[in-house]
>>> print(open('structure_25.pdb').read())   # PDB, C-alpha atoms
ATOM      1  CA  MET A   1     -24.187  12.051  84.784
ATOM      2  CA  PRO A   2     -23.882  12.700  81.027
ATOM      3  CA  ILE A   3     -23.190  16.192  79.755
ATOM      4  CA  THR A   4     -25.523  17.851  77.270
ATOM      5  CA  PRO A   5     -23.908  17.067  73.890
ATOM      6  CA  ASP A   6     -22.058  19.817  72.044
ATOM      7  CA  THR A   7     -23.748  20.093  68.665
ATOM      8  CA  LYS A   8     -21.739  23.040  67.315
ATOM      9  CA  ASP A   9     -19.994  22.713  63.982
ATOM     10  CA  TRP A  10     -16.486  23.799  64.964
ATOM     11  CA  THR A  11     -15.085  23.821  61.404
ATOM     12  CA  TRP A  12     -15.324  27.620  61.402
ATOM     13  CA  VAL A  13     -12.062  27.603  63.416
ATOM     14  CA  LEU A  14     -10.377  26.907  60.067
ATOM     15  CA  THR A  15     -11.253  30.395  58.852
ATOM     16  CA  ARG A  16     -11.000  32.641  61.928
ATOM     17  CA  PRO A  17      -9.677  32.732  65.500
ATOM     18  CA  CYS A  18     -11.730  31.101  68.231
ATOM     19  CA  PRO A  19     -13.503  33.812  70.260
ATOM     20  CA  GLU A  20     -13.548  31.571  73.331
ATOM     21  CA  CYS A  21      -9.948  30.397  73.682
ATOM     22  CA  GLY A  22      -8.391  32.986  71.354
ATOM     23  CA  PHE A  23      -6.429  30.419  69.348
ATOM     24  CA  ASP A  24      -5.929  31.137  65.654
ATOM     25  CA  ALA A  25      -5.684  27.798  63.853
ATOM     26  CA  THR A  26      -5.385  29.585  60.504
ATOM     27  CA  ALA A  27      -1.823  30.540  61.437
ATOM     28  CA  ILE A  28      -0.674  26.929  61.966
ATOM     29  CA  GLU A  29       1.551  25.262  59.396
ATOM     30  CA  LEU A  30       1.373  21.506  58.909
ATOM     31  CA  SER A  31       5.000  21.242  59.989
ATOM     32  CA  GLU A  32       4.036  22.697  63.416
ATOM     33  CA  VAL A  33       1.238  20.267  64.294
ATOM     34  CA  GLY A  34       3.525  17.732  65.969
ATOM     35  CA  SER A  35       5.144  20.381  68.144
ATOM     36  CA  TYR A  36       1.746  21.601  69.329
ATOM     37  CA  ALA A  37       0.672  18.044  70.187
ATOM     38  CA  ARG A  38       3.815  17.416  72.233
ATOM     39  CA  ALA A  39       3.610  20.738  74.078
ATOM     40  CA  ASN A  40      -0.079  20.262  74.819
ATOM     41  CA  ALA A  41       0.543  16.807  76.312
ATOM     42  CA  GLY A  42       2.701  18.337  79.031
ATOM     43  CA  ILE A  43      -0.143  20.546  80.236
ATOM     44  CA  TRP A  44      -2.267  17.516  81.057
ATOM     45  CA  ALA A  45       0.266  15.952  83.416
ATOM     46  CA  ASP A  46      -0.125  18.979  85.704
ATOM     47  CA  VAL A  47      -3.913  19.041  85.314
ATOM     48  CA  LEU A  48      -4.178  15.392  86.323
ATOM     49  CA  GLU A  49      -2.324  16.089  89.594
ATOM     50  CA  ARG A  50      -4.973  18.491  90.880
ATOM     51  CA  ASP A  51      -6.917  17.539  93.989
ATOM     52  CA  THR A  52     -10.114  18.552  92.168
ATOM     53  CA  VAL A  53      -9.392  16.618  88.957
ATOM     54  CA  ARG A  54     -12.567  14.524  89.258
ATOM     55  CA  GLU A  55     -14.873  17.462  90.053
ATOM     56  CA  ARG A  56     -17.088  19.057  87.440
ATOM     57  CA  PRO A  57     -17.179  22.855  87.703
ATOM     58  CA  ASP A  58     -20.906  22.721  86.875
ATOM     59  CA  ASP A  59     -23.504  20.289  85.544
ATOM     60  CA  SER A  60     -22.797  21.122  81.914
ATOM     61  CA  THR A  61     -18.980  20.868  81.963
ATOM     62  CA  TRP A  62     -16.695  17.847  82.100
ATOM     63  CA  SER A  63     -14.241  17.454  84.938
ATOM     64  CA  PRO A  64     -10.537  17.941  84.133
ATOM     65  CA  LEU A  65     -10.160  14.133  84.174
ATOM     66  CA  GLU A  66     -12.965  13.733  81.649
ATOM     67  CA  TYR A  67     -11.373  16.393  79.438
ATOM     68  CA  ALA A  68      -8.020  14.606  79.705
ATOM     69  CA  CYS A  69      -9.619  11.329  78.594
ATOM     70  CA  HIS A  70     -11.284  13.146  75.718
ATOM     71  CA  VAL A  71      -8.009  14.751  74.636
ATOM     72  CA  ARG A  72      -6.257  11.374  74.818
ATOM     73  CA  ASP A  73      -8.905   9.989  72.471
ATOM     74  CA  VAL A  74      -8.715  13.052  70.199
ATOM     75  CA  HIS A  75      -4.999  12.393  69.670
ATOM     76  CA  SER A  76      -5.760   8.834  68.591
ATOM     77  CA  LEU A  77      -8.743   9.835  66.468
ATOM     78  CA  PHE A  78      -6.814  12.419  64.480
ATOM     79  CA  ALA A  79      -3.880  10.060  63.986
ATOM     80  CA  GLN A  80      -6.343   7.517  62.571
ATOM     81  CA  ARG A  81      -7.951  10.125  60.312
ATOM     82  CA  LEU A  82      -4.528  11.190  59.104
ATOM     83  CA  VAL A  83      -3.668   7.604  58.160
ATOM     84  CA  LEU A  84      -6.951   7.302  56.262
ATOM     85  CA  ALA A  85      -6.289  10.526  54.350
ATOM     86  CA  MET A  86      -2.755   9.390  53.539
ATOM     87  CA  THR A  87      -3.739   5.912  52.366
ATOM     88  CA  HIS A  88      -7.116   6.410  50.652
ATOM     89  CA  GLU A  89      -8.505   8.850  48.107
ATOM     90  CA  ASN A  90     -10.878  11.262  49.871
ATOM     91  CA  PRO A  91     -12.050   8.801  52.539
ATOM     92  CA  VAL A  92     -15.076   9.321  54.750
ATOM     93  CA  PHE A  93     -13.873   9.321  58.336
ATOM     94  CA  PRO A  94     -15.789   7.023  60.696
ATOM     95  CA  ASP A  95     -18.192   8.922  62.918
ATOM     96  CA  TRP A  96     -17.190   9.554  66.509
ATOM     97  CA  ASN A  97     -19.623  10.652  69.171
ATOM     98  CA  GLN A  98     -17.467  12.229  71.860
ATOM     99  CA  ASP A  99     -20.237  12.272  74.436
ATOM    100  CA  GLU A 100     -21.042   8.615  73.901
ATOM    101  CA  ALA A 101     -17.330   7.812  74.136
ATOM    102  CA  ALA A 102     -17.196   9.580  77.510
ATOM    103  CA  VAL A 103     -20.084   7.537  78.891
ATOM    104  CA  GLN A 104     -19.041   4.198  77.363
ATOM    105  CA  GLY A 105     -15.403   4.765  78.339
ATOM    106  CA  ARG A 106     -16.359   5.748  81.883
ATOM    107  CA  TYR A 107     -14.053   8.742  81.661
ATOM    108  CA  ALA A 108     -14.890   9.919  85.168
ATOM    109  CA  ASP A 109     -13.778   6.615  86.707
ATOM    110  CA  GLN A 110     -10.443   6.138  84.971
ATOM    111  CA  ALA A 111      -7.133   5.821  86.813
ATOM    112  CA  LEU A 112      -5.219   9.101  86.765
ATOM    113  CA  GLU A 113      -1.768   7.593  86.199
ATOM    114  CA  GLN A 114      -3.023   5.469  83.307
ATOM    115  CA  VAL A 115      -4.763   8.436  81.672
ATOM    116  CA  ALA A 116      -1.605  10.534  81.987
ATOM    117  CA  SER A 117       0.519   7.796  80.425
ATOM    118  CA  ASP A 118      -1.957   6.983  77.662
ATOM    119  CA  LEU A 119      -2.487  10.660  76.828
ATOM    120  CA  MET A 120       1.263  11.207  76.500
ATOM    121  CA  ASP A 121       1.643   8.110  74.320
ATOM    122  CA  ALA A 122      -1.282   9.114  72.081
ATOM    123  CA  ALA A 123      -0.043  12.704  71.761
ATOM    124  CA  PHE A 124       3.443  11.639  70.763
ATOM    125  CA  ALA A 125       2.133   9.026  68.316
ATOM    126  CA  ALA A 126      -0.088  11.626  66.659
ATOM    127  CA  ALA A 127       2.789  14.115  66.624
ATOM    128  CA  GLU A 128       5.053  11.605  64.909
ATOM    129  CA  ALA A 129       2.358  10.789  62.368
ATOM    130  CA  PHE A 130       1.872  14.461  61.473
ATOM    131  CA  ASP A 131       5.643  15.036  61.432
ATOM    132  CA  ALA A 132       5.983  12.263  58.844
ATOM    133  CA  VAL A 133       3.603  13.853  56.329
ATOM    134  CA  PRO A 134       5.563  15.029  53.287
ATOM    135  CA  ALA A 135       4.782  18.613  52.257
ATOM    136  CA  GLU A 136       3.422  17.450  48.906
ATOM    137  CA  ALA A 137       0.736  15.405  50.717
ATOM    138  CA  ALA A 138      -0.703  18.397  52.637
ATOM    139  CA  GLY A 139      -3.530  18.769  50.121
ATOM    140  CA  ARG A 140      -4.769  15.171  50.321
ATOM    141  CA  ARG A 141      -8.406  15.131  51.357
ATOM    142  CA  GLY A 142     -10.789  13.344  53.702
ATOM    143  CA  ARG A 143     -14.256  14.130  54.949
ATOM    144  CA  ARG A 144     -16.680  13.518  57.746
ATOM    145  CA  SER A 145     -20.061  11.921  57.137
ATOM    146  CA  ASP A 146     -21.685  15.333  57.740
ATOM    147  CA  GLY A 147     -19.968  16.605  54.596
ATOM    148  CA  ALA A 148     -17.212  18.653  56.265
ATOM    149  CA  SER A 149     -14.137  18.295  54.066
ATOM    150  CA  PHE A 150     -10.530  18.579  55.201
ATOM    151  CA  THR A 151      -7.130  18.559  53.626
ATOM    152  CA  ILE A 152      -4.399  17.014  55.733
ATOM    153  CA  GLU A 153      -3.260  20.546  56.498
ATOM    154  CA  THR A 154      -6.703  21.695  57.683
ATOM    155  CA  LEU A 155      -7.181  18.429  59.557
ATOM    156  CA  GLY A 156      -3.993  19.263  61.465
ATOM    157  CA  ARG A 157      -5.204  22.780  62.177
ATOM    158  CA  TYR A 158      -8.575  21.537  63.379
ATOM    159  CA  TYR A 159      -6.852  18.974  65.604
ATOM    160  CA  VAL A 160      -4.523  21.558  67.133
ATOM    161  CA  HIS A 161      -7.415  23.884  67.906
ATOM    162  CA  ASP A 162      -9.262  21.034  69.603
ATOM    163  CA  ILE A 163      -6.432  20.139  71.985
ATOM    164  CA  VAL A 164      -5.503  23.778  72.659
ATOM    165  CA  HIS A 165      -9.127  24.679  73.312
ATOM    166  CA  HIS A 166      -9.538  21.855  75.822
ATOM    167  CA  ALA A 167      -6.363  22.877  77.633
ATOM    168  CA  TRP A 168      -7.922  26.332  77.858
ATOM    169  CA  ASP A 169     -11.151  24.731  79.161
ATOM    170  CA  VAL A 170      -9.296  23.289  82.163
ATOM    171  CA  THR A 171      -6.879  26.133  82.861
ATOM    172  CA  ARG A 172      -9.029  29.244  82.447
ATOM    173  CA  GLU A 173     -10.454  31.178  85.313
ATOM    174  CA  ARG A 174     -14.179  30.551  85.640
ATOM    175  CA  ASP A 175     -16.711  33.234  86.511
TER     176      ASP A 175
END
>>> encode(input="structure_25.pdb", output="structure tokens")
Amino acid sequence: MPITPDTKDWTWVLTRPCPECGFDATAIELSEVGSYARANAGIWADVLERDTVRERPDDSTWSPLEYACHVRDVHSLFAQRLVLAMTHENPVFPDWNQDEAAVQGRYADQALEQVASDLMDAAFAAAEAFDAVPAEAAGRRGRRSDGASFTIETLGRYYVHDIVHHAWDVTRERD
């Protein structure tokens, strides 16, 4: 069953801490993005070993497996956006509908071992890509089709918040 799409504009996390997960992306330096991606990948290996990994906590929340698939795809998406920003002048990033990706990719039916492996590979590839950005390129720009504009540095911050927030989604205590 599809989840009701999240239509929030999360770019505000670039200016203040997230009141939900508590993460402050404004404090992240570009040179730290790779380390966050690698550390976050390790969390998912444990999550994917849970007996309840395929269970949704409620009708409006993905299962831990679905979140893991999403995070795997987020790593790849942000690595692709980084390449675009590094190789083109102010590119428009291709749209990505995360909810459609979950349905089309059959996130809930994927093999746990494959997701764990692919997530780790995607996280480390994204980490290496961000690690390779020279400091003088941090201000290069790219934008989404909705008009949200990012520098490579803010793209990295936005990316880190996304993966940290989703780790919080699957590790927090629910009411």
>>> closest_residue(input="structure_25.pdb", among="A:Val47, A:Pro91, A:Leu155, A:His166", to="Glu113 (chain A)", atoms="all atoms listed in the file")
A:Val47
>>> closest_residue(input="structure_25.pdb", among="A:Val13, A:Ala167, A:Cys69, A:Ala129", to="Asp99 (chain A)", atoms="only C-alpha atoms")
A:Cys69
>>> atom_distance(input="structure_25.pdb", atom1="CA of Gln114 (chain A)", atom2="CA of Leu48 (chain A)")
10.4 Å
>>> atom_distance(input="structure_25.pdb", atom1="CA of Ala127 (chain A)", atom2="CA of Asp109 (chain A)")
27.1 Å
>>> atom_distance(input="structure_25.pdb", atom1="CA of Trp168 (chain A)", atom2="CA of Arg50 (chain A)")
15.5 Å
>>> residues_near_point(input="structure_25.pdb", point="(-2.3, 8.0, 82.5)", cutoff="10 Å", atoms="all atoms listed in the file", output="PyMOL selection string")
chain A and resi 44-45+48+68-69+72+110-121
>>> resolve_selection(input="structure_25.pdb", expression="the PyMOL selection byres ((chain A and resi 83) around 12)", output="ChimeraX atom specification")
/A:76-82,84-91,93,125-126,128-130,132-133,137,140-142,152,155
>>> resolve_selection(input="structure_25.pdb", expression="the PyMOL selection byres ((chain A and resi 22) around 12)", output="list in words")
Val13, Arg16, Pro17, Cys18, Pro19, Glu20, Cys21, Phe23, Asp24, Ala25, Thr26, His161, Val164, His165, Trp168, Asp169 and Arg172 of chain A
>>> resolve_selection(input="structure_25.pdb", expression="the PyMOL selection byres ((chain A and resi 33) around 10)", output="ChimeraX atom specification")
/A:28-32,34-38,126-131,153,155-160
>>> closest_residue(input="structure_25.pdb", among="A:Val92, A:Val53, A:Val71, A:Ile43", to="Ala148 (chain A)", atoms="only C-alpha atoms")
A:Val92
>>> axis_aligned_box(input="structure_25.pdb", around="region 119-122 of chain A", padding_each_side="5 Å", output="JSON")
{"center_x": -0.4, "center_y": 9.7, "center_z": 74.5, "size_x": 14.1, "size_y": 13.1, "size_z": 14.7}
>>> closest_residue(input="structure_25.pdb", among="A:Asp9, A:Gly42, A:Arg106, A:Pro134", to="Gly147 (chain A)", atoms="all atoms listed in the file")
A:Asp9
>>> closest_residue(input="structure_25.pdb", among="A:Pro94, A:Val74, A:Thr171, A:Ser149", to="Asp46 (chain A)", atoms="all atoms listed in the file")
A:Thr171
>>> closest_residue(input="structure_25.pdb", among="A:Trp96, A:Ser63, A:Ala135, A:Phe150", to="Ala108 (chain A)", atoms="all atoms listed in the file")
A:Ser63
>>> decode(input="structure_25.pdb", residues="region 42-56 of chain A", atoms="all heavy atoms", output="short mmCIF file (atom, residue, chain, number, x, y, z; two decimals), in the first residue's frame")
data_model
loop_
_atom_site.label_atom_id
_atom_site.label_comp_id
_atom_site.auth_asym_id
_atom_site.auth_seq_id
_atom_site.Cartn_x
_atom_site.Cartn_y
_atom_site.Cartn_z
N GLY A 42 26.48 2.21 8.34
CA GLY A 42 26.59 1.15 9.34
C GLY A 42 25.33 0.94 10.16
O GLY A 42 25.04 -0.17 10.60
N ILE A 43 24.58 1.99 10.36
CA ILE A 43 23.32 1.89 11.12
C ILE A 43 22.34 0.96 10.41
O ILE A 43 21.63 0.18 11.05
CB ILE A 43 22.70 3.30 11.28
CG1 ILE A 43 23.59 4.16 12.17
CG2 ILE A 43 21.26 3.23 11.78
CD1 ILE A 43 23.26 5.65 12.14
N TRP A 44 22.32 1.03 9.09
CA TRP A 44 21.33 0.29 8.32
C TRP A 44 21.56 -1.22 8.33
O TRP A 44 20.61 -1.99 8.22
CB TRP A 44 21.24 0.86 6.91
CG TRP A 44 20.70 2.25 6.99
CD1 TRP A 44 21.42 3.41 7.02
CD2 TRP A 44 19.34 2.62 7.15
NE1 TRP A 44 20.58 4.49 7.17
CE2 TRP A 44 19.30 4.03 7.26
CE3 TRP A 44 18.14 1.91 7.21
CZ2 TRP A 44 18.11 4.72 7.42
CZ3 TRP A 44 16.96 2.60 7.36
CH2 TRP A 44 16.95 3.99 7.47
N ALA A 45 22.80 -1.64 8.47
CA ALA A 45 23.08 -3.08 8.55
C ALA A 45 22.35 -3.68 9.75
O ALA A 45 21.73 -4.75 9.65
CB ALA A 45 24.58 -3.32 8.65
N ASP A 46 22.39 -3.00 10.88
CA ASP A 46 21.68 -3.47 12.08
C ASP A 46 20.17 -3.40 11.89
O ASP A 46 19.45 -4.32 12.29
CB ASP A 46 22.07 -2.64 13.30
CG ASP A 46 23.51 -2.87 13.73
OD1 ASP A 46 24.08 -3.93 13.37
OD2 ASP A 46 24.07 -2.00 14.41
N VAL A 47 19.68 -2.32 11.30
CA VAL A 47 18.24 -2.16 11.08
C VAL A 47 17.71 -3.30 10.21
O VAL A 47 16.64 -3.86 10.49
CB VAL A 47 17.95 -0.79 10.43
CG1 VAL A 47 16.51 -0.71 9.92
CG2 VAL A 47 18.23 0.34 11.43
N LEU A 48 18.45 -3.67 9.18
CA LEU A 48 17.99 -4.69 8.25
C LEU A 48 18.02 -6.11 8.84
O LEU A 48 17.47 -7.03 8.24
CB LEU A 48 18.80 -4.63 6.96
CG LEU A 48 18.47 -3.41 6.10
CD1 LEU A 48 19.51 -3.21 5.01
CD2 LEU A 48 17.06 -3.52 5.51
N GLU A 49 18.59 -6.27 10.02
CA GLU A 49 18.60 -7.58 10.69
C GLU A 49 17.42 -7.76 11.64
O GLU A 49 17.23 -8.84 12.20
CB GLU A 49 19.92 -7.77 11.44
CG GLU A 49 21.09 -7.93 10.50
CD GLU A 49 22.41 -8.14 11.23
OE1 GLU A 49 22.40 -8.18 12.49
OE2 GLU A 49 23.43 -8.26 10.56
N ARG A 50 16.61 -6.75 11.81
CA ARG A 50 15.46 -6.86 12.72
C ARG A 50 14.43 -7.85 12.20
O ARG A 50 14.18 -7.94 11.00
CB ARG A 50 14.76 -5.49 12.84
CG ARG A 50 15.55 -4.44 13.51
CD ARG A 50 14.72 -3.18 13.57
NE ARG A 50 15.48 -2.07 14.05
CZ ARG A 50 15.08 -0.81 13.94
NH1 ARG A 50 13.92 -0.51 13.38
NH2 ARG A 50 15.84 0.16 14.41
N ASP A 51 13.79 -8.53 13.12
CA ASP A 51 12.70 -9.45 12.75
C ASP A 51 11.52 -8.69 12.15
O ASP A 51 10.77 -9.23 11.35
CB ASP A 51 12.22 -10.23 13.97
CG ASP A 51 13.26 -11.22 14.48
OD1 ASP A 51 14.14 -11.61 13.69
OD2 ASP A 51 13.18 -11.57 15.66
N THR A 52 11.35 -7.44 12.54
CA THR A 52 10.20 -6.63 12.11
C THR A 52 10.54 -5.69 10.97
O THR A 52 9.81 -4.73 10.72
CB THR A 52 9.69 -5.81 13.31
OG1 THR A 52 10.76 -4.98 13.79
CG2 THR A 52 9.17 -6.71 14.42
N VAL A 53 11.61 -5.95 10.25
CA VAL A 53 12.11 -5.03 9.23
C VAL A 53 11.11 -4.75 8.10
O VAL A 53 11.13 -3.69 7.50
CB VAL A 53 13.46 -5.53 8.65
CG1 VAL A 53 13.27 -6.74 7.76
CG2 VAL A 53 14.19 -4.41 7.92
N ARG A 54 10.20 -5.67 7.86
CA ARG A 54 9.22 -5.49 6.78
C ARG A 54 7.89 -4.91 7.27
O ARG A 54 6.98 -4.70 6.49
CB ARG A 54 8.97 -6.82 6.07
CG ARG A 54 10.18 -7.31 5.31
CD ARG A 54 9.90 -8.62 4.57
NE ARG A 54 11.10 -9.15 3.97
CZ ARG A 54 11.59 -8.80 2.79
NH1 ARG A 54 10.95 -7.89 2.07
NH2 ARG A 54 12.70 -9.34 2.32
N GLU A 55 7.79 -4.66 8.58
CA GLU A 55 6.52 -4.18 9.15
C GLU A 55 6.49 -2.66 9.23
O GLU A 55 7.42 -2.04 9.72
CB GLU A 55 6.34 -4.76 10.55
CG GLU A 55 6.18 -6.26 10.57
CD GLU A 55 6.12 -6.82 11.98
OE1 GLU A 55 5.85 -6.06 12.93
OE2 GLU A 55 6.36 -8.03 12.12
N ARG A 56 5.38 -2.11 8.78
CA ARG A 56 5.16 -0.67 8.92
C ARG A 56 4.61 -0.39 10.31
O ARG A 56 3.70 -1.09 10.77
CB ARG A 56 4.17 -0.17 7.88
CG ARG A 56 4.75 -0.16 6.48
CD ARG A 56 3.77 0.42 5.50
NE ARG A 56 4.38 0.59 4.20
CZ ARG A 56 3.72 0.91 3.10
NH1 ARG A 56 2.41 1.12 3.16
NH2 ARG A 56 4.36 1.04 1.96
#
